[in-house]
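Undergrad: So here's entry17.txt, just compact mmCIF, N, CA and C atoms:
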```
# COMPACT_ATOMS: atom_id res chain seq x y z
N GLY A 1 -14.70 8.56 13.25
CA GLY A 1 -15.93 8.72 12.49
C GLY A 1 -16.69 7.42 12.36
N PRO A 2 -17.83 7.45 11.68
CA PRO A 2 -18.66 6.25 11.55
C PRO A 2 -17.98 5.14 10.75
N ASP A 3 -17.01 5.49 9.93
CA ASP A 3 -16.36 4.50 9.07
C ASP A 3 -15.16 3.81 9.74
N ASP A 4 -14.82 4.23 10.97
CA ASP A 4 -13.62 3.71 11.63
C ASP A 4 -13.55 2.19 11.66
N ASP A 5 -14.66 1.56 12.07
CA ASP A 5 -14.67 0.10 12.18
C ASP A 5 -14.51 -0.56 10.81
N VAL A 6 -15.16 0.04 9.82
CA VAL A 6 -15.08 -0.48 8.45
C VAL A 6 -13.64 -0.38 7.95
N VAL A 7 -13.01 0.76 8.21
CA VAL A 7 -11.62 0.97 7.79
C VAL A 7 -10.72 -0.05 8.48
N LYS A 8 -10.89 -0.22 9.79
CA LYS A 8 -10.09 -1.19 10.54
C LYS A 8 -10.26 -2.60 9.97
N LYS A 9 -11.51 -2.92 9.61
CA LYS A 9 -11.79 -4.25 9.07
C LYS A 9 -11.05 -4.46 7.74
N TYR A 10 -11.18 -3.50 6.84
CA TYR A 10 -10.50 -3.63 5.55
C TYR A 10 -8.99 -3.65 5.72
N PHE A 11 -8.50 -2.85 6.67
CA PHE A 11 -7.06 -2.81 6.92
C PHE A 11 -6.57 -4.18 7.39
N SER A 12 -7.30 -4.77 8.34
CA SER A 12 -6.95 -6.11 8.85
C SER A 12 -7.01 -7.15 7.75
N LEU A 13 -8.06 -7.08 6.93
CA LEU A 13 -8.20 -8.03 5.82
C LEU A 13 -7.06 -7.87 4.82
N GLY A 14 -6.66 -6.62 4.58
CA GLY A 14 -5.55 -6.35 3.67
C GLY A 14 -4.25 -6.93 4.18
N LEU A 15 -3.99 -6.74 5.47
CA LEU A 15 -2.76 -7.28 6.07
C LEU A 15 -2.78 -8.80 6.06
N ALA A 16 -3.93 -9.38 6.36
CA ALA A 16 -4.06 -10.84 6.37
C ALA A 16 -3.82 -11.41 4.96
N ALA A 17 -4.43 -10.77 3.96
CA ALA A 17 -4.26 -11.22 2.58
C ALA A 17 -2.79 -11.11 2.17
N SER A 18 -2.17 -10.02 2.59
CA SER A 18 -0.75 -9.79 2.29
C SER A 18 0.12 -10.88 2.91
N ASP A 19 -0.18 -11.23 4.16
CA ASP A 19 0.56 -12.29 4.86
C ASP A 19 0.41 -13.62 4.14
N GLN A 20 -0.76 -13.86 3.55
CA GLN A 20 -1.02 -15.09 2.80
C GLN A 20 -0.46 -15.02 1.38
N LYS A 21 0.21 -13.92 1.07
CA LYS A 21 0.74 -13.65 -0.27
C LYS A 21 -0.38 -13.55 -1.32
N GLU A 22 -1.58 -13.19 -0.87
CA GLU A 22 -2.70 -12.95 -1.77
C GLU A 22 -2.71 -11.45 -2.09
N TYR A 23 -1.70 -11.05 -2.85
CA TYR A 23 -1.45 -9.62 -3.02
C TYR A 23 -2.54 -8.89 -3.81
N LEU A 24 -3.14 -9.54 -4.78
CA LEU A 24 -4.20 -8.88 -5.55
C LEU A 24 -5.41 -8.61 -4.67
N LYS A 25 -5.70 -9.55 -3.78
CA LYS A 25 -6.79 -9.37 -2.82
C LYS A 25 -6.43 -8.24 -1.86
N ALA A 26 -5.19 -8.21 -1.41
CA ALA A 26 -4.72 -7.16 -0.50
C ALA A 26 -4.88 -5.79 -1.14
N ILE A 27 -4.56 -5.70 -2.43
CA ILE A 27 -4.71 -4.43 -3.15
C ILE A 27 -6.16 -3.95 -3.11
N GLN A 28 -7.10 -4.88 -3.28
CA GLN A 28 -8.52 -4.50 -3.23
C GLN A 28 -8.88 -3.93 -1.86
N TYR A 29 -8.42 -4.59 -0.80
CA TYR A 29 -8.74 -4.12 0.55
C TYR A 29 -8.08 -2.77 0.86
N PHE A 30 -6.80 -2.63 0.52
CA PHE A 30 -6.12 -1.37 0.82
C PHE A 30 -6.64 -0.22 -0.04
N THR A 31 -7.14 -0.54 -1.23
CA THR A 31 -7.76 0.48 -2.07
C THR A 31 -9.04 0.97 -1.40
N LYS A 32 -9.79 0.06 -0.77
CA LYS A 32 -10.98 0.44 0.00
C LYS A 32 -10.57 1.40 1.13
N VAL A 33 -9.47 1.04 1.81
CA VAL A 33 -8.98 1.88 2.92
C VAL A 33 -8.68 3.29 2.42
N THR A 34 -7.97 3.40 1.29
CA THR A 34 -7.61 4.74 0.79
C THR A 34 -8.84 5.52 0.32
N SER A 35 -9.86 4.82 -0.18
CA SER A 35 -11.06 5.53 -0.61
C SER A 35 -11.85 6.05 0.59
N LEU A 36 -11.78 5.33 1.71
CA LEU A 36 -12.48 5.75 2.93
C LEU A 36 -11.69 6.77 3.74
N THR A 37 -10.35 6.67 3.68
CA THR A 37 -9.49 7.60 4.44
C THR A 37 -8.38 8.12 3.53
N PRO A 38 -8.75 8.95 2.56
CA PRO A 38 -7.76 9.43 1.57
C PRO A 38 -6.64 10.29 2.16
N GLU A 39 -6.82 10.75 3.39
CA GLU A 39 -5.79 11.61 4.00
C GLU A 39 -4.83 10.83 4.90
N ASP A 40 -5.06 9.51 5.01
CA ASP A 40 -4.22 8.66 5.86
C ASP A 40 -3.17 7.95 4.99
N PRO A 41 -1.88 8.17 5.29
CA PRO A 41 -0.83 7.58 4.44
C PRO A 41 -0.73 6.05 4.51
N ARG A 42 -1.27 5.44 5.55
CA ARG A 42 -1.03 3.99 5.76
C ARG A 42 -1.60 3.11 4.66
N GLY A 43 -2.77 3.48 4.16
CA GLY A 43 -3.36 2.71 3.07
C GLY A 43 -2.47 2.75 1.83
N TYR A 44 -1.98 3.95 1.51
CA TYR A 44 -1.11 4.12 0.34
C TYR A 44 0.22 3.40 0.55
N TYR A 45 0.74 3.47 1.77
CA TYR A 45 2.00 2.78 2.07
C TYR A 45 1.85 1.28 1.82
N ASN A 46 0.77 0.71 2.33
CA ASN A 46 0.55 -0.73 2.13
C ASN A 46 0.31 -1.07 0.67
N LEU A 47 -0.37 -0.20 -0.06
CA LEU A 47 -0.54 -0.41 -1.50
C LEU A 47 0.83 -0.40 -2.20
N ALA A 48 1.71 0.48 -1.75
CA ALA A 48 3.06 0.53 -2.32
C ALA A 48 3.81 -0.77 -2.08
N VAL A 49 3.73 -1.27 -0.85
CA VAL A 49 4.43 -2.52 -0.49
C VAL A 49 3.90 -3.70 -1.31
N VAL A 50 2.58 -3.82 -1.37
CA VAL A 50 1.96 -4.93 -2.08
C VAL A 50 2.24 -4.84 -3.59
N SER A 51 2.15 -3.64 -4.13
CA SER A 51 2.45 -3.45 -5.56
C SER A 51 3.90 -3.80 -5.86
N TYR A 52 4.78 -3.43 -4.93
CA TYR A 52 6.21 -3.74 -5.07
C TYR A 52 6.41 -5.26 -5.12
N ARG A 53 5.72 -5.98 -4.24
CA ARG A 53 5.85 -7.45 -4.20
C ARG A 53 5.34 -8.08 -5.49
N LEU A 54 4.36 -7.42 -6.12
CA LEU A 54 3.83 -7.92 -7.39
C LEU A 54 4.68 -7.44 -8.58
N ARG A 55 5.73 -6.69 -8.28
CA ARG A 55 6.62 -6.10 -9.29
C ARG A 55 5.90 -5.07 -10.17
N PHE A 56 4.84 -4.47 -9.62
CA PHE A 56 4.19 -3.33 -10.30
C PHE A 56 4.92 -2.07 -9.84
N TYR A 57 6.15 -1.90 -10.33
CA TYR A 57 7.01 -0.85 -9.77
C TYR A 57 6.48 0.56 -10.00
N GLU A 58 5.90 0.79 -11.16
CA GLU A 58 5.38 2.13 -11.47
C GLU A 58 4.23 2.48 -10.53
N THR A 59 3.32 1.53 -10.34
CA THR A 59 2.19 1.71 -9.43
C THR A 59 2.69 1.87 -8.00
N ALA A 60 3.63 1.04 -7.61
CA ALA A 60 4.19 1.10 -6.26
C ALA A 60 4.79 2.47 -6.00
N ARG A 61 5.48 3.01 -6.99
CA ARG A 61 6.11 4.33 -6.85
C ARG A 61 5.06 5.42 -6.63
N GLU A 62 3.98 5.36 -7.39
CA GLU A 62 2.90 6.35 -7.24
C GLU A 62 2.32 6.31 -5.82
N HIS A 63 2.03 5.10 -5.34
CA HIS A 63 1.47 4.94 -4.00
C HIS A 63 2.45 5.41 -2.93
N ALA A 64 3.72 5.07 -3.10
CA ALA A 64 4.73 5.48 -2.12
C ALA A 64 4.84 7.01 -2.07
N LYS A 65 4.83 7.64 -3.24
CA LYS A 65 4.90 9.11 -3.29
C LYS A 65 3.69 9.74 -2.62
N GLN A 66 2.53 9.15 -2.82
CA GLN A 66 1.31 9.65 -2.18
C GLN A 66 1.43 9.54 -0.66
N ALA A 67 1.92 8.39 -0.19
CA ALA A 67 2.09 8.18 1.25
C ALA A 67 3.07 9.19 1.84
N ILE A 68 4.17 9.43 1.12
CA ILE A 68 5.18 10.40 1.58
C ILE A 68 4.57 11.80 1.63
N ALA A 69 3.81 12.16 0.60
CA ALA A 69 3.15 13.47 0.56
C ALA A 69 2.22 13.65 1.75
N LEU A 70 1.65 12.55 2.24
CA LEU A 70 0.74 12.60 3.38
C LEU A 70 1.46 12.45 4.71
N GLY A 71 2.80 12.40 4.66
CA GLY A 71 3.58 12.43 5.89
C GLY A 71 4.18 11.11 6.35
N SER A 72 4.09 10.07 5.53
CA SER A 72 4.67 8.78 5.92
C SER A 72 6.18 8.80 5.82
N LYS A 73 6.84 8.42 6.92
CA LYS A 73 8.31 8.32 6.92
C LYS A 73 8.74 6.96 6.34
N THR A 74 8.02 5.91 6.72
CA THR A 74 8.37 4.55 6.28
C THR A 74 8.27 4.40 4.77
N ALA A 75 7.40 5.19 4.14
CA ALA A 75 7.23 5.08 2.69
C ALA A 75 8.50 5.46 1.94
N ARG A 76 9.36 6.28 2.58
CA ARG A 76 10.63 6.66 1.93
C ARG A 76 11.50 5.43 1.68
N GLN A 77 11.48 4.50 2.64
CA GLN A 77 12.29 3.27 2.50
C GLN A 77 11.81 2.43 1.32
N ILE A 78 10.49 2.26 1.23
CA ILE A 78 9.98 1.47 0.11
C ILE A 78 10.23 2.19 -1.21
N LEU A 79 10.15 3.52 -1.21
CA LEU A 79 10.41 4.26 -2.44
C LEU A 79 11.85 4.03 -2.91
N GLU A 80 12.79 4.03 -1.96
CA GLU A 80 14.19 3.76 -2.31
C GLU A 80 14.35 2.38 -2.93
N LYS A 81 13.68 1.39 -2.34
CA LYS A 81 13.70 0.02 -2.88
C LYS A 81 13.15 -0.01 -4.30
N ILE A 82 12.02 0.68 -4.48
CA ILE A 82 11.36 0.72 -5.79
C ILE A 82 12.28 1.37 -6.81
N GLU A 83 12.88 2.50 -6.44
CA GLU A 83 13.75 3.22 -7.35
C GLU A 83 14.95 2.36 -7.76
N SER A 84 15.50 1.59 -6.84
CA SER A 84 16.66 0.75 -7.18
C SER A 84 16.25 -0.38 -8.11
N LYS A 85 15.08 -0.97 -7.88
CA LYS A 85 14.58 -2.03 -8.76
C LYS A 85 14.28 -1.44 -10.15
N HIS A 86 13.67 -0.26 -10.11
CA HIS A 86 13.23 0.37 -11.34
C HIS A 86 14.42 0.74 -12.22
N ALA A 87 15.49 1.18 -11.57
CA ALA A 87 16.71 1.54 -12.30
C ALA A 87 17.29 0.28 -12.97
N ALA A 88 17.19 -0.85 -12.26
CA ALA A 88 17.71 -2.11 -12.79
C ALA A 88 16.84 -2.67 -13.91
N ALA A 89 15.55 -2.36 -13.84
CA ALA A 89 14.60 -2.92 -14.82
C ALA A 89 14.84 -2.41 -16.23
```
Please go through the file and, once you have read it, give me the structure as structure tokens.
TA:
Amino acid sequence: GPDDDVVKKYFSLGLAASDQKEYLKAIQYFTKVTSLTPEDPRGYYNLAVVSYRLRFYETAREHAKQAIALGSKTARQILEKIESKHAAA
């Protein structure tokens, strides 16, 4: 669709910010991705990962569940990590 390039751009910026450990910035970019492509699990998966790194476990869990509901297999792994941290918290 017409938003493909925009989505790719935000996705790249999100990954770059994440690599730089600029997680709050990454959250902004991946949130843009999910608002533009709400049916794509990848944005939610990345939001789960970044939220997890920020220790926002409750938020991370919500994003991971959303990604799983949309068919993400990898999100199951992060959800398990979140659940183990959350149980310890």
Undergrad: Quick one: of A:Ile27, A:Leu54, A:Ala48, A:Ile82, who's nearest to Leu15 in chain A, counting only C-alpha atoms?
TA: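 Checking each candidate against Leu15 in chain A, we get A:Ile27 as the closest.
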Undergrad: Quote the spacing between CA of Ala16 in chain A and CA of Tyr44 in chain A in Å to one decimal place.
TA: 16.4 Å
Undergrad: Considering only N, CA and C atoms, return as a list in words whatever protein or nucleic-acid residues lie within 6.5 Å of Phe30 in chain A, sequence-local ones (same chain, fewer than 3 positions apart) excluded.
TA: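 My reading of the contact set: Tyr10, Phe11, Gly14, Lys25, Ala26, Ile27, Val33, Thr34, Ser35, Gly43, Tyr44, Asn46 and Leu47 of chain A.
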Undergrad: Could you tell me, as a PyMOL selection string, which residues of chain A DSSP assigns to alpha helix (DSSP H) when given the backbone?
TA: chain A and resi 4-19+23-36+41-53+57-69+74-88
Undergrad: Which residues of range 4-59 of chain A come within 8 Å of range 69-73 of chain A, and what is each one's closest atom pair and distance in Å (one decimal), counting all atoms listed in the file, sorted by chain and residue number, as a Markdown table?
TA:
```
| residue | atom | partner | partner_atom | distance |
| --- | --- | --- | --- | --- |
| A:Pro38 | C | A:Leu70 | CA | 7.8 |
| A:Glu39 | C | A:Leu70 | CA | 6.0 |
| A:Asp40 | C | A:Leu70 | CA | 6.3 |
| A:Pro41 | CA | A:Leu70 | CA | 5.4 |
| A:Arg42 | N | A:Ser72 | CA | 6.8 |
| A:Tyr45 | CA | A:Ser72 | CA | 7.6 |
```
Undergrad: Got a sec: who's within 7 Å of Ala75 in chain A, counting only C-alpha atoms, leaving out chain neighbours fewer than 6 positions off, as an MDAnalysis selection string?
TA: chainID A and resid 45 64 67:68
Undergrad: Would you compute the box with edges along x, y and z of the file around range 66-82 of chain A, including every atom the file lists for it and 8 Å extra on each side, and give its centre and edge lengths in Å to one decimal, as AutoDock Vina command-line options?
TA:
```
--center_x 7.5 --center_y 6.8 --center_z 0.1 --size_x 29.6 --size_y 29.7 --size_z 29.7
```
Undergrad: As an exercise, work out the distance from CA of Thr59 in chain A to CA of Lys32 in chain A in Å and give it to one decimal place.
TA: 16.2 Å
Undergrad: Could you tell me how far atom C of Tyr52 in chain A lies from CA of Val6 in chain A, in Å and to one decimal?
TA: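 A separation of 25.9 Å between them.
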Undergrad: Restore all heavy atoms in range 36-47 of chain A and list the result as a PDB file, keeping the file's coordinate frame.
TA:
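In the end it all went to part.pdb:
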```pdb
ATOM      1  N   LEU A  36     -11.780   5.330   1.710  1.00  0.00           N
ATOM      2  CA  LEU A  36     -12.480   5.750   2.930  1.00  0.00           C
ATOM      3  C   LEU A  36     -11.690   6.770   3.740  1.00  0.00           C
ATOM      4  O   LEU A  36     -12.264   7.626   4.403  1.00  0.00           O
ATOM      5  CB  LEU A  36     -12.791   4.526   3.812  1.00  0.00           C
ATOM      6  CG  LEU A  36     -13.845   3.558   3.270  1.00  0.00           C
ATOM      7  CD1 LEU A  36     -13.789   2.224   4.013  1.00  0.00           C
ATOM      8  CD2 LEU A  36     -15.241   4.154   3.386  1.00  0.00           C
ATOM      9  N   THR A  37     -10.350   6.670   3.680  1.00  0.00           N
ATOM     10  CA  THR A  37      -9.490   7.600   4.440  1.00  0.00           C
ATOM     11  C   THR A  37      -8.380   8.120   3.530  1.00  0.00           C
ATOM     12  O   THR A  37      -7.202   7.788   3.713  1.00  0.00           O
ATOM     13  CB  THR A  37      -8.864   6.902   5.676  1.00  0.00           C
ATOM     14  OG1 THR A  37      -8.130   5.752   5.228  1.00  0.00           O
ATOM     15  CG2 THR A  37      -9.907   6.471   6.687  1.00  0.00           C
ATOM     16  N   PRO A  38      -8.750   8.950   2.560  1.00  0.00           N
ATOM     17  CA  PRO A  38      -7.760   9.430   1.570  1.00  0.00           C
ATOM     18  C   PRO A  38      -6.640  10.290   2.160  1.00  0.00           C
ATOM     19  O   PRO A  38      -5.624  10.487   1.504  1.00  0.00           O
ATOM     20  CB  PRO A  38      -8.602  10.224   0.578  1.00  0.00           C
ATOM     21  CG  PRO A  38      -9.867  10.534   1.281  1.00  0.00           C
ATOM     22  CD  PRO A  38     -10.090   9.444   2.280  1.00  0.00           C
ATOM     23  N   GLU A  39      -6.820  10.750   3.390  1.00  0.00           N
ATOM     24  CA  GLU A  39      -5.790  11.610   4.000  1.00  0.00           C
ATOM     25  C   GLU A  39      -4.830  10.830   4.900  1.00  0.00           C
ATOM     26  O   GLU A  39      -3.914  11.395   5.477  1.00  0.00           O
ATOM     27  CB  GLU A  39      -6.457  12.753   4.779  1.00  0.00           C
ATOM     28  CG  GLU A  39      -7.203  12.364   6.043  1.00  0.00           C
ATOM     29  CD  GLU A  39      -8.407  11.438   5.819  1.00  0.00           C
ATOM     30  OE1 GLU A  39      -9.079  11.536   4.768  1.00  0.00           O
ATOM     31  OE2 GLU A  39      -8.665  10.599   6.702  1.00  0.00           O
ATOM     32  N   ASP A  40      -5.060   9.510   5.010  1.00  0.00           N
ATOM     33  CA  ASP A  40      -4.220   8.660   5.860  1.00  0.00           C
ATOM     34  C   ASP A  40      -3.170   7.950   4.990  1.00  0.00           C
ATOM     35  O   ASP A  40      -3.528   7.217   4.069  1.00  0.00           O
ATOM     36  CB  ASP A  40      -5.101   7.630   6.568  1.00  0.00           C
ATOM     37  CG  ASP A  40      -4.342   6.836   7.633  1.00  0.00           C
ATOM     38  OD1 ASP A  40      -3.122   6.615   7.468  1.00  0.00           O
ATOM     39  OD2 ASP A  40      -4.975   6.429   8.611  1.00  0.00           O
ATOM     40  N   PRO A  41      -1.880   8.170   5.290  1.00  0.00           N
ATOM     41  CA  PRO A  41      -0.830   7.580   4.440  1.00  0.00           C
ATOM     42  C   PRO A  41      -0.730   6.050   4.510  1.00  0.00           C
ATOM     43  O   PRO A  41      -0.174   5.437   3.600  1.00  0.00           O
ATOM     44  CB  PRO A  41       0.457   8.216   4.962  1.00  0.00           C
ATOM     45  CG  PRO A  41       0.156   8.640   6.352  1.00  0.00           C
ATOM     46  CD  PRO A  41      -1.314   8.998   6.367  1.00  0.00           C
ATOM     47  N   ARG A  42      -1.270   5.440   5.550  1.00  0.00           N
ATOM     48  CA  ARG A  42      -1.030   3.990   5.760  1.00  0.00           C
ATOM     49  C   ARG A  42      -1.600   3.110   4.660  1.00  0.00           C
ATOM     50  O   ARG A  42      -0.978   2.121   4.270  1.00  0.00           O
ATOM     51  CB  ARG A  42      -1.563   3.556   7.121  1.00  0.00           C
ATOM     52  CG  ARG A  42      -0.745   4.114   8.281  1.00  0.00           C
ATOM     53  CD  ARG A  42      -1.396   3.814   9.608  1.00  0.00           C
ATOM     54  NE  ARG A  42      -2.757   4.338   9.656  1.00  0.00           N
ATOM     55  CZ  ARG A  42      -3.613   4.093  10.655  1.00  0.00           C
ATOM     56  NH1 ARG A  42      -3.254   3.329  11.661  1.00  0.00           N
ATOM     57  NH2 ARG A  42      -4.822   4.611  10.632  1.00  0.00           N
ATOM     58  N   GLY A  43      -2.770   3.480   4.160  1.00  0.00           N
ATOM     59  CA  GLY A  43      -3.360   2.710   3.070  1.00  0.00           C
ATOM     60  C   GLY A  43      -2.470   2.750   1.830  1.00  0.00           C
ATOM     61  O   GLY A  43      -2.210   1.714   1.200  1.00  0.00           O
ATOM     62  N   TYR A  44      -1.980   3.950   1.510  1.00  0.00           N
ATOM     63  CA  TYR A  44      -1.110   4.120   0.340  1.00  0.00           C
ATOM     64  C   TYR A  44       0.220   3.400   0.550  1.00  0.00           C
ATOM     65  O   TYR A  44       0.759   2.798  -0.381  1.00  0.00           O
ATOM     66  CB  TYR A  44      -0.853   5.603   0.068  1.00  0.00           C
ATOM     67  CG  TYR A  44      -2.110   6.362  -0.255  1.00  0.00           C
ATOM     68  CD1 TYR A  44      -2.712   7.186   0.689  1.00  0.00           C
ATOM     69  CD2 TYR A  44      -2.715   6.250  -1.514  1.00  0.00           C
ATOM     70  CE1 TYR A  44      -3.879   7.881   0.396  1.00  0.00           C
ATOM     71  CE2 TYR A  44      -3.881   6.939  -1.813  1.00  0.00           C
ATOM     72  CZ  TYR A  44      -4.455   7.752  -0.852  1.00  0.00           C
ATOM     73  OH  TYR A  44      -5.610   8.433  -1.145  1.00  0.00           O
ATOM     74  N   TYR A  45       0.740   3.470   1.770  1.00  0.00           N
ATOM     75  CA  TYR A  45       2.000   2.780   2.070  1.00  0.00           C
ATOM     76  C   TYR A  45       1.850   1.280   1.820  1.00  0.00           C
ATOM     77  O   TYR A  45       2.705   0.665   1.168  1.00  0.00           O
ATOM     78  CB  TYR A  45       2.420   3.035   3.529  1.00  0.00           C
ATOM     79  CG  TYR A  45       3.567   2.157   3.955  1.00  0.00           C
ATOM     80  CD1 TYR A  45       4.858   2.400   3.480  1.00  0.00           C
ATOM     81  CD2 TYR A  45       3.375   1.054   4.778  1.00  0.00           C
ATOM     82  CE1 TYR A  45       5.919   1.584   3.830  1.00  0.00           C
ATOM     83  CE2 TYR A  45       4.420   0.236   5.137  1.00  0.00           C
ATOM     84  CZ  TYR A  45       5.693   0.502   4.656  1.00  0.00           C
ATOM     85  OH  TYR A  45       6.738  -0.318   5.001  1.00  0.00           O
ATOM     86  N   ASN A  46       0.770   0.710   2.330  1.00  0.00           N
ATOM     87  CA  ASN A  46       0.550  -0.730   2.130  1.00  0.00           C
ATOM     88  C   ASN A  46       0.310  -1.070   0.670  1.00  0.00           C
ATOM     89  O   ASN A  46       0.757  -2.119   0.202  1.00  0.00           O
ATOM     90  CB  ASN A  46      -0.589  -1.219   3.028  1.00  0.00           C
ATOM     91  CG  ASN A  46      -0.131  -1.400   4.463  1.00  0.00           C
ATOM     92  OD1 ASN A  46       0.572  -2.340   4.787  1.00  0.00           O
ATOM     93  ND2 ASN A  46      -0.487  -0.462   5.322  1.00  0.00           N
ATOM     94  N   LEU A  47      -0.370  -0.200  -0.060  1.00  0.00           N
ATOM     95  CA  LEU A  47      -0.540  -0.410  -1.500  1.00  0.00           C
ATOM     96  C   LEU A  47       0.830  -0.400  -2.200  1.00  0.00           C
ATOM     97  O   LEU A  47       1.069  -1.184  -3.112  1.00  0.00           O
ATOM     98  CB  LEU A  47      -1.445   0.667  -2.109  1.00  0.00           C
ATOM     99  CG  LEU A  47      -2.945   0.448  -1.922  1.00  0.00           C
ATOM    100  CD1 LEU A  47      -3.718   1.674  -2.394  1.00  0.00           C
ATOM    101  CD2 LEU A  47      -3.423  -0.788  -2.672  1.00  0.00           C
TER     102      LEU A  47
END
```
